[in-house]
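Data block for protein_1.tsv (TSV, C-alpha atoms):
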```
chain	number	residue	atom	x	y	z
S	1	MET	CA	0.00	0.00	0.00
S	2	LEU	CA	1.26	3.41	-0.91
S	3	VAL	CA	1.50	5.67	2.13
S	4	VAL	CA	1.32	9.35	1.33
S	5	PRO	CA	3.68	11.29	3.58
S	6	ALA	CA	2.31	14.11	5.67
S	7	LYS	CA	4.63	16.57	3.99
S	8	VAL	CA	3.56	17.28	0.46
S	9	SER	CA	6.02	15.86	-2.00
S	10	LYS	CA	6.70	17.05	-5.53
S	11	ALA	CA	5.14	13.94	-6.95
S	12	ASN	CA	1.88	14.56	-5.19
S	13	PRO	CA	-0.57	15.96	-7.67
S	14	LEU	CA	-2.52	17.80	-5.02
S	15	ILE	CA	-0.21	20.64	-4.24
S	16	GLY	CA	-0.53	21.57	-0.60
S	17	GLU	CA	-1.25	24.97	0.84
S	18	SER	CA	2.30	25.56	2.01
S	19	GLU	CA	3.66	24.81	-1.42
S	20	SER	CA	1.11	27.14	-3.02
S	21	GLU	CA	2.24	29.92	-0.70
S	22	SER	CA	5.77	29.18	-1.60
S	23	ASP	CA	4.91	29.39	-5.29
S	24	SER	CA	3.31	32.72	-4.65
S	25	TYR	CA	6.43	33.96	-2.84
S	26	LEU	CA	8.65	32.79	-5.70
S	27	VAL	CA	6.40	34.56	-8.19
S	28	GLN	CA	6.80	37.76	-6.20
S	29	GLN	CA	10.55	37.33	-6.33
S	30	CYS	CA	10.40	36.76	-10.08
S	31	LEU	CA	8.45	39.96	-10.51
S	32	ARG	CA	11.37	41.73	-8.85
S	33	GLY	CA	13.66	40.25	-11.48
S	34	ASN	CA	15.03	37.35	-9.46
S	35	THR	CA	15.73	34.69	-12.04
S	36	GLN	CA	16.97	32.19	-9.45
S	37	SER	CA	13.45	32.05	-8.05
S	38	TYR	CA	12.23	31.24	-11.51
S	39	GLY	CA	14.72	28.38	-11.56
S	40	GLN	CA	13.08	27.03	-8.43
S	41	LEU	CA	9.64	27.29	-10.00
S	42	TYR	CA	10.98	25.51	-13.06
S	43	ARG	CA	12.43	22.64	-11.02
S	44	ARG	CA	9.20	22.30	-9.09
S	45	HIS	CA	6.84	22.13	-12.06
S	46	GLN	CA	8.85	21.05	-15.08
S	47	GLN	CA	8.23	17.31	-14.68
S	48	ARG	CA	4.46	17.70	-14.68
S	49	VAL	CA	4.53	20.18	-17.56
S	50	ARG	CA	6.75	17.79	-19.50
S	51	SER	CA	4.45	14.90	-18.88
S	52	ILE	CA	1.34	16.82	-19.94
S	53	LEU	CA	2.98	18.09	-23.11
S	54	TYR	CA	4.33	14.70	-24.04
S	55	LYS	CA	0.95	13.02	-23.74
S	56	LEU	CA	-0.98	15.80	-25.39
S	57	CYS	CA	1.06	16.45	-28.48
S	58	THR	CA	4.05	14.05	-28.56
S	59	PRO	CA	6.30	16.77	-29.93
S	60	ALA	CA	9.41	16.01	-31.96
S	61	SER	CA	11.49	18.02	-29.55
S	62	LEU	CA	9.93	17.95	-26.11
S	63	ASP	CA	12.66	20.16	-24.65
S	64	ASP	CA	11.88	22.95	-27.11
S	65	VAL	CA	8.19	22.88	-26.25
S	66	VAL	CA	8.90	22.83	-22.51
S	67	GLN	CA	11.22	25.78	-22.99
S	68	ASP	CA	8.50	27.59	-24.90
S	69	VAL	CA	6.06	27.09	-22.03
S	70	PHE	CA	8.43	28.40	-19.39
S	71	LEU	CA	9.50	31.39	-21.46
S	72	GLN	CA	5.89	32.30	-22.14
S	73	ALA	CA	5.16	31.96	-18.46
S	74	TRP	CA	8.02	34.31	-17.57
S	75	LYS	CA	6.78	36.89	-20.05
S	76	GLY	CA	3.24	36.52	-18.80
S	77	LEU	CA	3.99	36.75	-15.07
S	78	PRO	CA	2.80	40.38	-14.73
S	79	LYS	CA	-0.61	39.31	-15.98
S	80	PHE	CA	-0.78	36.41	-13.55
S	81	ARG	CA	-3.43	37.08	-10.94
S	82	GLN	CA	-1.95	36.33	-7.56
S	83	THR	CA	-5.28	34.97	-6.37
S	84	ALA	CA	-5.02	32.09	-8.84
S	85	LYS	CA	-2.88	29.02	-8.37
S	86	PHE	CA	0.42	29.22	-10.21
S	87	SER	CA	0.32	25.58	-11.30
S	88	THR	CA	-3.17	25.96	-12.78
S	89	TRP	CA	-2.04	29.01	-14.70
S	90	LEU	CA	1.12	27.24	-15.87
S	91	TYR	CA	-0.80	24.17	-17.04
S	92	ARG	CA	-3.10	26.42	-19.01
S	93	ILE	CA	-0.09	27.85	-20.82
S	94	ALA	CA	1.14	24.31	-21.42
S	95	TRP	CA	-2.24	23.38	-22.83
S	96	ASN	CA	-2.22	26.41	-25.15
S	97	VAL	CA	1.25	25.54	-26.37
S	98	ALA	CA	0.16	21.94	-26.90
S	99	CYS	CA	-2.80	23.16	-28.99
S	100	ASP	CA	-0.48	25.28	-31.16
S	101	GLN	CA	2.00	22.45	-31.45
S	102	ARG	CA	-0.69	20.03	-32.48
S	103	GLN	CA	-2.04	22.36	-35.16
S	104	ALA	CA	1.44	22.90	-36.54
S	105	ASP	CA	2.03	19.18	-36.45
S	106	VAL	CA	-1.16	18.42	-38.36
S	107	ARG	CA	-0.10	20.83	-41.08
S	108	ARG	CA	3.40	19.42	-41.26
S	109	ARG	CA	2.79	15.73	-41.20
S	110	THR	CA	2.03	13.78	-44.29
S	111	GLN	CA	-0.02	10.65	-44.29
S	112	LEU	CA	3.05	8.66	-45.23
S	113	GLN	CA	4.91	9.77	-42.13
S	114	ILE	CA	2.01	8.74	-39.91
S	115	LEU	CA	1.92	5.29	-41.50
S	116	SER	CA	5.66	4.77	-41.14
S	117	GLU	CA	5.49	5.79	-37.46
S	118	LYS	CA	2.72	3.28	-36.83
S	119	ALA	CA	4.65	0.54	-38.55
S	120	SER	CA	7.77	1.17	-36.50
S	121	THR	CA	5.90	1.20	-33.19
S	122	GLN	CA	4.09	-1.98	-34.07
S	123	GLN	CA	7.36	-3.71	-34.73
S	124	GLU	CA	8.96	-2.97	-31.41
S	125	ALA	CA	5.79	-3.39	-29.33
S	126	PRO	CA	5.71	-7.18	-28.97
S	127	GLU	CA	9.17	-7.24	-27.39
S	128	LEU	CA	7.85	-6.69	-23.92
S	129	MET	CA	4.33	-6.75	-22.61
S	130	ASN	CA	4.76	-3.53	-20.70
S	131	LEU	CA	6.12	-1.71	-23.70
S	132	HIS	CA	3.24	-3.06	-25.71
S	133	TYR	CA	0.71	-1.68	-23.27
S	134	GLN	CA	2.51	1.65	-23.09
S	135	ASP	CA	2.37	1.81	-26.81
S	136	LEU	CA	-1.33	0.99	-26.73
S	137	VAL	CA	-2.02	3.76	-24.24
S	138	GLN	CA	-0.04	6.23	-26.33
S	139	ARG	CA	-1.89	5.24	-29.46
S	140	GLY	CA	-5.19	5.25	-27.61
S	141	LEU	CA	-4.55	8.82	-26.54
S	142	ALA	CA	-3.63	9.78	-30.08
S	143	ASN	CA	-6.84	8.17	-31.24
S	144	LEU	CA	-8.99	10.44	-29.07
S	145	SER	CA	-10.13	13.90	-30.06
S	146	PHE	CA	-7.90	16.62	-28.64
S	147	ASP	CA	-10.55	17.68	-26.11
S	148	HIS	CA	-11.02	14.14	-24.84
S	149	ARG	CA	-7.30	13.51	-24.75
S	150	THR	CA	-6.73	16.67	-22.76
S	151	ILE	CA	-9.31	15.70	-20.16
S	152	LEU	CA	-8.01	12.18	-19.83
S	153	VAL	CA	-4.39	13.25	-19.54
S	154	LEU	CA	-5.03	16.00	-17.02
S	155	HIS	CA	-7.47	14.13	-14.83
S	156	ASP	CA	-6.73	10.43	-15.09
S	157	LEU	CA	-3.03	10.42	-15.88
S	158	GLU	CA	-1.80	13.60	-14.20
S	159	GLU	CA	-4.41	13.42	-11.44
S	160	VAL	CA	-5.36	17.08	-11.59
S	161	PRO	CA	-8.66	17.57	-9.71
S	162	GLN	CA	-11.73	18.18	-11.84
S	163	LYS	CA	-12.25	21.71	-10.53
S	164	GLU	CA	-8.74	22.65	-11.49
S	165	VAL	CA	-9.16	21.04	-14.90
S	166	ALA	CA	-12.23	23.22	-15.38
S	167	GLN	CA	-10.16	26.29	-14.51
S	168	ILE	CA	-7.29	25.31	-16.79
S	169	LEU	CA	-9.55	24.74	-19.77
S	170	ASP	CA	-11.97	27.49	-18.80
S	171	ILE	CA	-15.01	25.26	-19.11
S	172	PRO	CA	-17.80	24.39	-16.65
S	173	LEU	CA	-17.31	21.51	-14.24
S	174	GLY	CA	-20.25	19.68	-15.84
S	175	THR	CA	-18.48	19.78	-19.19
S	176	VAL	CA	-15.37	18.30	-17.60
S	177	LYS	CA	-17.40	15.40	-16.21
S	178	SER	CA	-19.20	14.85	-19.48
S	179	ARG	CA	-16.02	14.91	-21.57
S	180	LEU	CA	-14.30	12.62	-19.11
S	181	PHE	CA	-17.10	10.11	-19.42
S	182	HIS	CA	-16.95	10.10	-23.21
S	183	ALA	CA	-13.15	10.10	-23.29
S	184	ARG	CA	-12.99	7.04	-21.02
S	185	ALA	CA	-15.61	5.28	-23.10
S	186	ALA	CA	-13.65	5.95	-26.28
S	187	MET	CA	-10.39	4.82	-24.68
S	188	ARG	CA	-11.99	1.66	-23.32
S	189	GLN	CA	-13.41	0.91	-26.74
S	190	PHE	CA	-10.02	1.41	-28.36
S	191	LEU	CA	-8.30	-0.89	-25.87
S	192	GLN	CA	-10.94	-3.57	-26.32
S	193	ASN	CA	-10.49	-3.40	-30.06
S	194	GLN	CA	-6.80	-4.01	-29.47
S	195	GLY	CA	-7.58	-7.10	-27.44
S	196	VAL	CA	-7.21	-5.67	-23.94
S	197	GLN	CA	-9.84	-6.89	-21.50
S	198	LEU	CA	-10.38	-4.61	-18.51
R	1	MET	CA	-30.82	13.84	-16.17
R	2	THR	CA	-28.31	11.11	-16.82
R	3	GLN	CA	-25.82	10.64	-14.02
R	4	LEU	CA	-22.32	10.15	-15.30
R	5	PRO	CA	-20.33	7.50	-13.49
R	6	ASN	CA	-17.56	9.25	-11.65
R	7	ASP	CA	-14.94	6.54	-11.71
R	8	ASP	CA	-13.76	3.80	-13.96
R	9	HIS	CA	-11.13	2.27	-11.74
R	10	ASP	CA	-10.04	-0.57	-14.00
R	11	LEU	CA	-9.43	1.72	-16.91
R	12	ILE	CA	-7.72	4.39	-14.82
R	13	ASN	CA	-5.47	1.82	-13.17
R	14	PHE	CA	-4.53	0.40	-16.52
R	15	LEU	CA	-3.77	3.83	-17.94
R	16	CYS	CA	-1.71	4.86	-14.92
R	17	GLN	CA	0.16	1.60	-14.85
R	18	HIS	CA	1.09	1.85	-18.50
R	19	ARG	CA	1.36	5.56	-18.95
R	20	PRO	CA	4.00	6.38	-21.56
R	21	ASP	CA	7.45	7.16	-20.19
R	22	VAL	CA	8.33	10.78	-20.67
R	23	PRO	CA	11.78	11.32	-22.19
R	24	PRO	CA	14.11	12.99	-19.68
R	25	ALA	CA	15.00	16.62	-20.10
R	26	SER	CA	18.42	17.46	-21.42
R	27	PRO	CA	20.70	18.36	-18.49
R	28	ASP	CA	21.20	21.94	-19.62
R	29	LEU	CA	17.57	22.75	-20.36
R	30	GLU	CA	17.12	24.66	-17.11
R	31	GLN	CA	20.25	26.68	-17.81
R	32	GLN	CA	19.06	27.44	-21.33
R	33	ILE	CA	15.73	28.71	-20.05
R	34	LEU	CA	17.29	30.83	-17.33
R	35	GLN	CA	19.82	32.15	-19.83
R	36	GLN	CA	17.01	33.28	-22.10
R	37	VAL	CA	15.23	34.87	-19.19
R	38	LYS	CA	18.41	36.75	-18.22
R	39	ILE	CA	18.98	37.91	-21.79
R	40	TRP	CA	15.56	39.54	-21.83
R	41	HIS	CA	16.10	40.62	-18.29
R	42	GLN	CA	12.94	42.54	-18.38
R	43	PRO	CA	11.46	41.27	-15.27
R	44	PRO	CA	7.87	41.20	-15.90
R	45	LEU	CA	7.25	44.40	-13.93
R	46	ARG	CA	8.85	46.46	-16.66
R	47	GLN	CA	5.55	46.59	-18.41
R	48	TYR	CA	3.97	49.98	-17.93
R	49	SER	CA	0.34	50.52	-17.34
R	50	ARG	CA	-1.60	53.22	-19.20
R	51	PRO	CA	-1.90	55.69	-16.31
R	52	ARG	CA	1.87	55.55	-15.93
R	53	LEU	CA	2.31	56.60	-19.53
R	54	VAL	CA	-0.04	59.57	-19.32
R	55	LEU	CA	2.27	61.86	-17.31
R	56	PRO	CA	5.35	61.39	-19.50
R	57	ALA	CA	3.18	61.91	-22.58
R	58	LEU	CA	1.77	65.17	-21.17
R	59	ALA	CA	5.24	66.42	-20.25
R	60	ALA	CA	6.58	65.59	-23.70
R	61	GLY	CA	3.65	67.39	-25.33
R	62	LEU	CA	4.23	70.48	-23.21
R	63	VAL	CA	7.94	70.61	-24.06
R	64	ALA	CA	7.15	70.17	-27.76
R	65	ALA	CA	4.64	73.05	-27.62
R	66	ILE	CA	7.13	75.42	-25.94
R	67	VAL	CA	9.93	74.55	-28.34
R	68	GLY	CA	7.60	74.93	-31.31
R	69	TYR	CA	6.33	78.31	-30.14
R	70	ARG	CA	9.88	79.60	-29.66
R	71	ALA	CA	10.88	78.37	-33.08
R	72	PHE	CA	8.05	80.10	-34.90
R	73	ILE	CA	7.92	83.56	-33.23
R	74	PRO	CA	10.15	86.15	-34.98
R	75	ALA	CA	13.45	86.95	-33.37
R	76	GLN	CA	13.89	90.28	-31.45
R	77	PRO	CA	15.21	93.00	-33.88
R	78	SER	CA	18.64	94.42	-33.22
R	79	PRO	CA	19.09	98.16	-32.28
R	80	ALA	CA	20.48	98.90	-35.76
R	81	GLU	CA	17.41	97.38	-37.40
R	82	LEU	CA	15.17	99.38	-35.06
R	83	ALA	CA	16.97	102.60	-35.98
R	84	THR	CA	16.59	101.88	-39.71
R	85	LEU	CA	12.92	101.12	-39.24
R	86	GLN	CA	12.37	104.32	-37.29
R	87	ASN	CA	14.12	106.39	-39.99
R	88	PHE	CA	12.00	104.79	-42.66
R	89	ILE	CA	8.77	105.51	-40.81
R	90	GLU	CA	9.75	109.08	-40.07
R	91	SER	CA	10.71	109.83	-43.68
R	92	ASN	CA	7.49	108.37	-44.98
R	93	TRP	CA	5.43	110.19	-42.38
R	94	GLN	CA	7.05	113.46	-43.25
R	95	SER	CA	6.26	113.03	-46.91
R	96	THR	CA	2.62	112.30	-46.17
R	97	VAL	CA	2.18	115.43	-44.02
R	98	SER	CA	4.17	117.79	-46.23
R	99	ASN	CA	2.45	120.99	-47.49
R	100	GLU	CA	2.36	119.85	-51.08
R	101	HIS	CA	0.12	116.96	-50.32
R	102	LEU	CA	-2.11	118.95	-48.04
R	103	GLU	CA	-2.62	121.63	-50.61
R	104	SER	CA	-3.39	119.20	-53.38
R	105	ASP	CA	-5.90	117.37	-51.16
R	106	ILE	CA	-7.60	120.68	-50.30
R	107	TRP	CA	-7.64	121.66	-53.91
R	108	HIS	CA	-9.47	118.48	-54.81
R	109	PHE	CA	-12.02	118.98	-52.09
R	110	THR	CA	-12.66	122.52	-53.17
R	111	ASP	CA	-13.05	121.30	-56.75
R	112	LEU	CA	-15.69	118.94	-55.63
R	113	ASP	CA	-17.45	121.67	-53.72
R	114	THR	CA	-17.54	124.00	-56.72
R	115	GLU	CA	-19.04	121.28	-58.88
```

Could you spell out this file's structure in structure tokens?
Amino acid sequence: MLVVPAKVSKANPLIGESESESDSYLVQQCLRGNTQSYGQLYRRHQQRVRSILYKLCTPASLDDVVQDVFLQAWKGLPKFRQTAKFSTWLYRIAWNVACDQRQADVRRRTQLQILSEKASTQQEAPELMNLHYQDLVQRGLANLSFDHRTILVLHDLEEVPQKEVAQILDIPLGTVKSRLFHARAAMRQFLQNQGVQL
Amino acid sequence: MTQLPNDDHDLINFLCQHRPDVPPASPDLEQQILQQVKIWHQPPLRQYSRPRLVLPALAAGLVAAIVGYRAFIPAQPSPAELATLQNFIESNWQSTVSNEHLESDIWHFTDLDTE
């Protein structure tokens, strides 16, 4: 059984109050031009931002996209309302960047490239069961609409609470629930078609 | 209204268990980002709000108006120019009030009267 420590760890998706205050303090320092504080914010949030971006848009160069997110966040800090949660605001930027990346990707990719990618992943998948399932999940996500993928990644994979997801995407909580329901149904259907019984 | 099921534990467990591994960041990514941030070095508070721009704009407008006014008004004449001007006016004035002119004007008026 996994025991969650009393002190909030970085891996915990539910960022505790003390950590939020600390984020807020670091943001204040950044607004005074302290770039070291921004380094701390980066180290604290980069893993989650990376993970979200990777699952949402599978960019060719993940580092470049992550860099884009953090540079946009730095530029946008004066507009950041201190009443909001920094992580929520940062994930929204990540989501926007993922949307742009995805649109650019759609324009760039040819059908041939997509087919060759699928062929290569199918070849290496059977090597290990775990890799095979990882590949299935990745393909299942890619199979979903962008809205459904976003909801599934943020809520089910990154464990962001529904209320926060609603804030990030600027949609009502009811819409989050509804999309989540349909996204899970589509994912389940995809996995079943691939021979996975849940 | 249809109630949406809140959880789908089997699916969520499967997804979490087999979530794709995220490629690690390059070791110098943080440095690159901070380097970029330092190059801009416009900490976000450098952005000016509109009210802050009003005063400098007013001051600049005022200075421009004063400079423009000074540039367009004629320069003060020198004493020599003033003396020349005075001589010119005096000579012209004298010619207009000389007896010849007065007499001729009177002559014309009297001509009119006799007609």

Per residue of chain S within 6 Å of chain R, record the nearest atom pair and its distance in Å to one decimal, counting all atoms listed in the file, with rows in chain order and ascending residue number, as CSV.
```
residue,atom,partner,partner_atom,distance
S:Leu31,CA,R:Pro44,CA,5.6
S:Gly33,CA,R:Pro43,CA,4.5
S:Ser51,CA,R:Val22,CA,5.9
S:Leu77,CA,R:Pro44,CA,6.0
S:Pro78,CA,R:Pro44,CA,5.3
S:Tyr133,CA,R:His18,CA,5.9
S:Gln134,CA,R:His18,CA,4.8
S:Leu157,CA,R:Cys16,CA,5.8
```

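We find atom CA of S:Arg108 and atom CA of S:Pro59 to be spaced 12.0 Å apart.
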
Interatomic distance (Å, one decimal) between atom CA of S:Ile52 and atom CA of S:Ala98: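 Atom-to-atom, atom CA of S:Ile52 and atom CA of S:Ala98 are spaced 8.7 Å apart.
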
Within 10 Å of stretch 37-47 of chain S using all atoms listed in the file, minus same-chain residues under 5 positions, as a ChimeraX atom specification: /S:10-11,19,22-32,52-53,66-67,69-70,73-74,86-87,90-91 /R:22,24-25,30-31,33-34,37

Gap from atom CA of S:Arg92 to atom CA of S:Asp64 - Å, one decimal: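 Computing it gives 17.4 Å between the two atoms.
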
From S:Arg107, S:Arg184, S:Lys75, S:His155, residue lying nearest S:Val137 [all atoms listed in the file]: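 Checking each of S:Arg107, S:Arg184, S:Lys75, S:His155 against S:Val137, counting all atoms listed in the file, the winner is S:Arg184.
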
Closest of S:Val49, S:Leu71, S:Leu154, S:Leu173 to S:Ala94 - atom-to-atom distances counting all atoms listed in the file: S:Val49

For S:Ala186: contacts at 9 Å, all atoms listed in the file, fewer than 5 positions along chain excluded, given as a PyMOL selection string: chain S and resi 140+143-144+148+181+191
